[in-house]
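structure21.txt, holding compact mmCIF, C-alpha atoms:
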```
# COMPACT_ATOMS: atom_id res chain seq x y z
CA MET M 1 6.38 -9.30 -23.03
CA ASN M 2 2.91 -10.62 -22.42
CA GLU M 3 1.66 -8.77 -19.33
CA SER M 4 -1.35 -11.05 -19.01
CA LYS M 5 0.85 -14.16 -18.82
CA ILE M 6 3.15 -12.57 -16.26
CA ARG M 7 0.19 -11.42 -14.17
CA ASP M 8 -1.19 -14.99 -14.25
CA LEU M 9 2.17 -16.38 -13.08
CA VAL M 10 2.36 -13.86 -10.24
CA ASP M 11 -1.25 -14.61 -9.23
CA GLU M 12 -0.46 -18.34 -9.27
CA ALA M 13 2.48 -17.79 -6.91
CA LEU M 14 0.43 -15.49 -4.65
CA ALA M 15 -2.34 -18.11 -4.41
CA GLU M 16 0.04 -20.34 -2.44
CA ASN M 17 0.06 -17.80 0.41
CA GLU M 18 -3.29 -16.04 0.86
CA SER M 19 -1.81 -13.33 3.08
CA LEU M 20 0.13 -11.95 0.09
CA TYR M 21 -1.27 -9.62 -2.57
CA LEU M 22 -0.09 -7.79 -5.66
CA ILE M 23 0.48 -4.04 -5.39
CA ASP M 24 1.93 -3.30 -8.81
CA LEU M 25 3.22 -4.96 -11.97
CA VAL M 26 5.24 -2.84 -14.39
CA ILE M 27 6.91 -4.00 -17.58
CA SER M 28 9.20 -1.43 -19.16
CA THR M 29 9.94 -1.15 -22.87
CA ASN M 30 13.29 -2.93 -22.39
CA ASN M 31 11.51 -5.92 -20.74
CA LYS M 32 12.36 -5.07 -17.15
CA ILE M 33 9.62 -6.68 -15.08
CA GLN M 34 8.98 -5.11 -11.68
CA VAL M 35 6.59 -6.91 -9.35
CA THR M 36 5.65 -5.27 -6.05
CA VAL M 37 3.90 -7.48 -3.49
CA ASP M 38 2.78 -6.93 0.08
CA GLY M 39 1.33 -9.10 2.80
CA ASP M 40 -1.07 -8.78 5.68
CA ASN M 41 1.83 -9.73 7.98
CA GLY M 42 4.66 -8.42 5.83
CA VAL M 43 6.63 -10.33 3.21
CA ASN M 44 9.82 -12.23 3.92
CA LEU M 45 12.67 -12.67 1.46
CA SER M 46 11.91 -16.34 0.80
CA GLU M 47 8.44 -15.39 -0.47
CA CYS M 48 9.93 -12.85 -2.90
CA VAL M 49 12.34 -15.52 -4.14
CA ARG M 50 9.51 -18.05 -4.52
CA ILE M 51 7.39 -15.61 -6.55
CA SER M 52 10.40 -14.66 -8.67
CA ARG M 53 11.20 -18.29 -9.44
CA ASN M 54 7.61 -19.06 -10.36
CA VAL M 55 7.63 -16.26 -12.91
CA GLU M 56 11.16 -16.78 -14.18
CA HIS M 57 10.93 -20.57 -14.61
CA ASN M 58 7.78 -20.24 -16.70
CA LEU M 59 9.15 -17.67 -19.14
CA ASP M 60 11.56 -18.53 -21.94
CA ARG M 61 14.66 -16.29 -22.08
CA ASP M 62 15.50 -17.69 -25.52
CA GLU M 63 12.17 -16.39 -26.78
CA GLU M 64 12.49 -12.96 -25.19
CA ASP M 65 15.19 -11.64 -22.84
CA PHE M 66 14.02 -9.95 -19.64
CA SER M 67 15.06 -8.89 -16.16
CA LEU M 68 12.85 -9.56 -13.15
CA GLU M 69 12.61 -7.79 -9.81
CA VAL M 70 10.21 -8.84 -7.04
CA THR M 71 10.06 -6.32 -4.18
CA THR M 72 7.91 -5.10 -1.33
CA PRO M 73 6.63 -1.52 -1.12
CA ASP M 74 8.95 1.03 0.39
CA ILE M 75 7.61 2.82 3.49
CA SER M 76 8.01 6.13 1.64
CA HIS M 77 5.65 5.07 -1.16
CA PRO M 78 1.94 5.90 -0.93
CA LEU M 79 -0.64 3.24 -0.17
CA LYS M 80 -2.19 2.02 -3.41
CA ILE M 81 -4.84 -0.57 -2.61
CA LYS M 82 -7.50 -0.95 0.07
CA ARG M 83 -5.88 -4.02 1.60
CA GLN M 84 -2.83 -1.92 2.53
CA TYR M 85 -5.02 0.34 4.66
CA LYS M 86 -6.24 -2.64 6.71
CA LYS M 87 -2.64 -3.62 7.37
CA ASN M 88 -1.89 -0.12 8.69
CA ILE M 89 -4.71 0.27 11.22
CA ASN M 90 -3.42 2.03 14.37
CA ARG M 91 -0.59 3.69 12.45
CA ILE M 92 -0.34 7.41 11.71
CA LEU M 93 -1.18 8.32 8.12
CA LYS M 94 -0.71 11.50 6.14
CA VAL M 95 -3.65 11.74 3.76
CA LYS M 96 -4.01 14.28 0.95
CA THR M 97 -7.39 14.98 -0.58
CA GLU M 98 -8.43 17.52 -3.21
CA LEU M 99 -9.52 20.00 -0.53
CA ASP M 100 -7.44 19.26 2.55
CA ASN M 101 -4.58 17.36 4.18
CA PHE M 102 -5.02 15.22 7.29
CA GLU M 103 -2.64 13.51 9.67
CA GLY M 104 -4.00 11.09 12.20
CA THR M 105 -4.19 7.54 13.45
CA LEU M 106 -5.99 5.19 11.09
CA THR M 107 -8.71 3.75 13.32
CA SER M 108 -11.02 1.92 10.93
CA VAL M 109 -11.28 0.78 7.34
CA ASN M 110 -14.16 -0.58 5.28
CA GLU M 111 -14.85 -1.09 1.58
CA GLU M 112 -15.85 2.55 1.03
CA GLU M 113 -13.81 4.73 3.39
CA ILE M 114 -11.20 5.16 6.11
CA GLU M 115 -11.38 6.93 9.45
CA LEU M 116 -8.62 9.00 11.04
CA LYS M 117 -8.46 10.35 14.61
CA TRP M 118 -6.09 12.88 16.13
CA LYS M 119 -5.87 15.36 19.00
CA ALA M 120 -5.82 19.10 18.44
CA ARG M 121 -5.51 22.18 20.62
CA GLU M 122 -8.38 24.62 20.15
CA PRO M 123 -9.47 27.79 21.91
CA LYS M 124 -11.82 27.22 24.84
CA PRO M 125 -15.47 27.98 24.02
CA ILE M 126 -15.57 30.35 26.98
CA GLY M 127 -12.62 32.17 28.48
CA LYS M 128 -8.96 32.27 27.62
CA GLY M 129 -6.64 29.42 26.86
CA LYS M 130 -6.88 26.25 24.85
CA VAL M 131 -8.29 22.80 25.35
CA THR M 132 -7.29 19.48 23.77
CA VAL M 133 -10.05 17.92 21.69
CA GLU M 134 -10.22 14.69 19.74
CA LYS M 135 -10.93 15.14 16.06
CA LYS M 136 -12.21 12.51 13.67
CA VAL M 137 -12.66 12.45 9.90
CA THR M 138 -14.07 9.86 7.52
CA ILE M 139 -12.53 9.93 4.04
CA PRO M 140 -13.92 7.96 1.08
CA TYR M 141 -11.23 6.16 -0.93
CA LYS M 142 -12.33 8.04 -4.06
CA ASP M 143 -11.33 11.34 -2.39
CA ILE M 144 -7.83 10.19 -1.40
CA LYS M 145 -5.16 11.61 -3.69
CA GLU M 146 -2.27 10.19 -1.64
CA ALA M 147 -1.88 8.40 1.68
CA LYS M 148 1.44 7.60 3.32
CA VAL M 149 2.37 5.98 6.60
CA LYS M 150 4.19 8.48 8.82
CA ILE M 151 7.46 7.21 10.19
CA VAL M 152 7.72 7.97 13.92
CA PHE M 153 11.04 7.68 15.77
```

Target encoding structure tokens, full file:
Amino acid sequence: MNESKIRDLVDEALAENESLYLIDLVISTNNKIQVTVDGDNGVNLSECVRISRNVEHNLDRDEEDFSLEVTTPDISHPLKIKRQYKKNINRILKVKTELDNFEGTLTSVNEEEIELKWKAREPKPIGKGKVTVEKKVTIPYKDIKEAKVKIVF
């Protein structure tokens, strides 16, 4: 399968709705095409169908047999691209870096880094007992090994 052609067909379909973006495109050795898309406001089923049809109708099954799957990212999968972080502002993220792990509310995102905030209990500077303090960390994208949205019930 020609990955470039498939990517062009997916991009063409995504161009019709600017809130959608490609997360991943995988073509296995047995021609199983998996397209993962996300959107700034989520992705409804009709958009997945529309993208699937745009790809499928422009490929020739007589030339090369294939299967096609257009999905949205599962909540348990890590965030892969910067645009996903913007979508998840004000949600709790679990972020792994080379040196540390953080869990906090994603408060801001820019082209270079993200910012997390959380509350922690720490010993009082003077006397016994603990006090609640607000912590904040800025993490460059290049340092993020994995970031997942925490599911809160």

**OP:** Could you give me, as a PyMOL selection string, the residues that have an atom at most 10 Å away from the point (-6.8, 16.9, 15.3) in the coordinates of the file, using only C-alpha atoms?
**Re:** chain M and resi 102-105+116-122+132-137

**OP:** Rank nothing, just name the residue among M:Lys82, M:Lys94, M:Lys32, M:Arg53 nearest to M:Phe66, using only C-alpha atoms.
**Re:**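 Under the stated criterion, the closest residue is M:Lys32.
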
Original post:
Between atom CA of M:Val37 and atom CA of M:Ile151, what is the distance, to one decimal in Å?
Top reply: 20.4 Å

Original post:
Separation of atom CA of M:Ala13 and atom CA of M:Ser52, in Å?
Top reply: 8.7 Å

Subject >> Residue nearest M:Thr107 among M:Val131, M:Val26, M:Ile139, M:Ile81 (counting all atoms listed in the file) >> reply: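 With all atoms listed in the file as the atom set, the closest residue is M:Ile139.
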
Original post:
With distances taken over all atoms listed in the file, which of M:Thr71, M:Glu12, M:Glu63, M:Gly39 is nearest to M:Leu25?
Top reply: M:Thr71

Original post:
Of the candidates M:Asp65, M:Glu56, M:Asp38, M:Asp24, which shows the shortest atom-to-atom distance to M:Leu9, using only C-alpha atoms?
Top reply: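 Among the listed residues, M:Glu56 lies closest to M:Leu9.
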
**OP:** Work out how far atom CA of M:Thr138 is from atom CA of M:Glu112, in Å to one decimal.
**Re:** 9.9 Å

Original post:
Quick one: of M:Asn30, M:Gln84, M:Arg91, M:Asp40, who's nearest to M:Ser67, counting only C-alpha atoms?
Top reply: M:Asn30

Report as AutoDock Vina command-line options the centre and the edge lengths, in Å to one decimal, of the axis-aligned box holding every listed atom of stretch 32-38 of chain M, padded by 4 Å on each side.
```
--center_x 7.6 --center_y -6.3 --center_z -8.5 --size_x 17.6 --size_y 10.4 --size_z 25.2
```

**OP:** Name the closest residue to M:Glu113 among the candidates M:Asp143, M:Gly129, M:Thr97, M:Ile89; distances are taken between atoms, counting only C-alpha atoms.
**Re:**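 Checking each candidate against M:Glu113, we get M:Asp143 as the closest.
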
Original post:
What residues have an atom no more than 10 Å from (-6.5, 18.7, -1.2) in the file's own frame, counting all atoms listed in the file, and can you write them as a list in words?
Top reply: Val95, Lys96, Thr97, Glu98, Leu99, Asp100, Asn101, Phe102, Asp143, Ile144, Lys145 and Glu146 of chain M

Suppose we keep C-alpha atoms; can you now write the selection as a CSV table (one decimal), in the frame of the given file?
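And here's again_7.csv as it stands now:
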```
chain,number,residue,atom,x,y,z
M,95,VAL,CA,-3.6,11.7,3.8
M,96,LYS,CA,-4.0,14.3,1.0
M,97,THR,CA,-7.4,15.0,-0.6
M,98,GLU,CA,-8.4,17.5,-3.2
M,99,LEU,CA,-9.5,20.0,-0.5
M,100,ASP,CA,-7.4,19.3,2.6
M,101,ASN,CA,-4.6,17.4,4.2
M,102,PHE,CA,-5.0,15.2,7.3
M,143,ASP,CA,-11.3,11.3,-2.4
M,144,ILE,CA,-7.8,10.2,-1.4
M,145,LYS,CA,-5.2,11.6,-3.7
M,146,GLU,CA,-2.3,10.2,-1.6
```
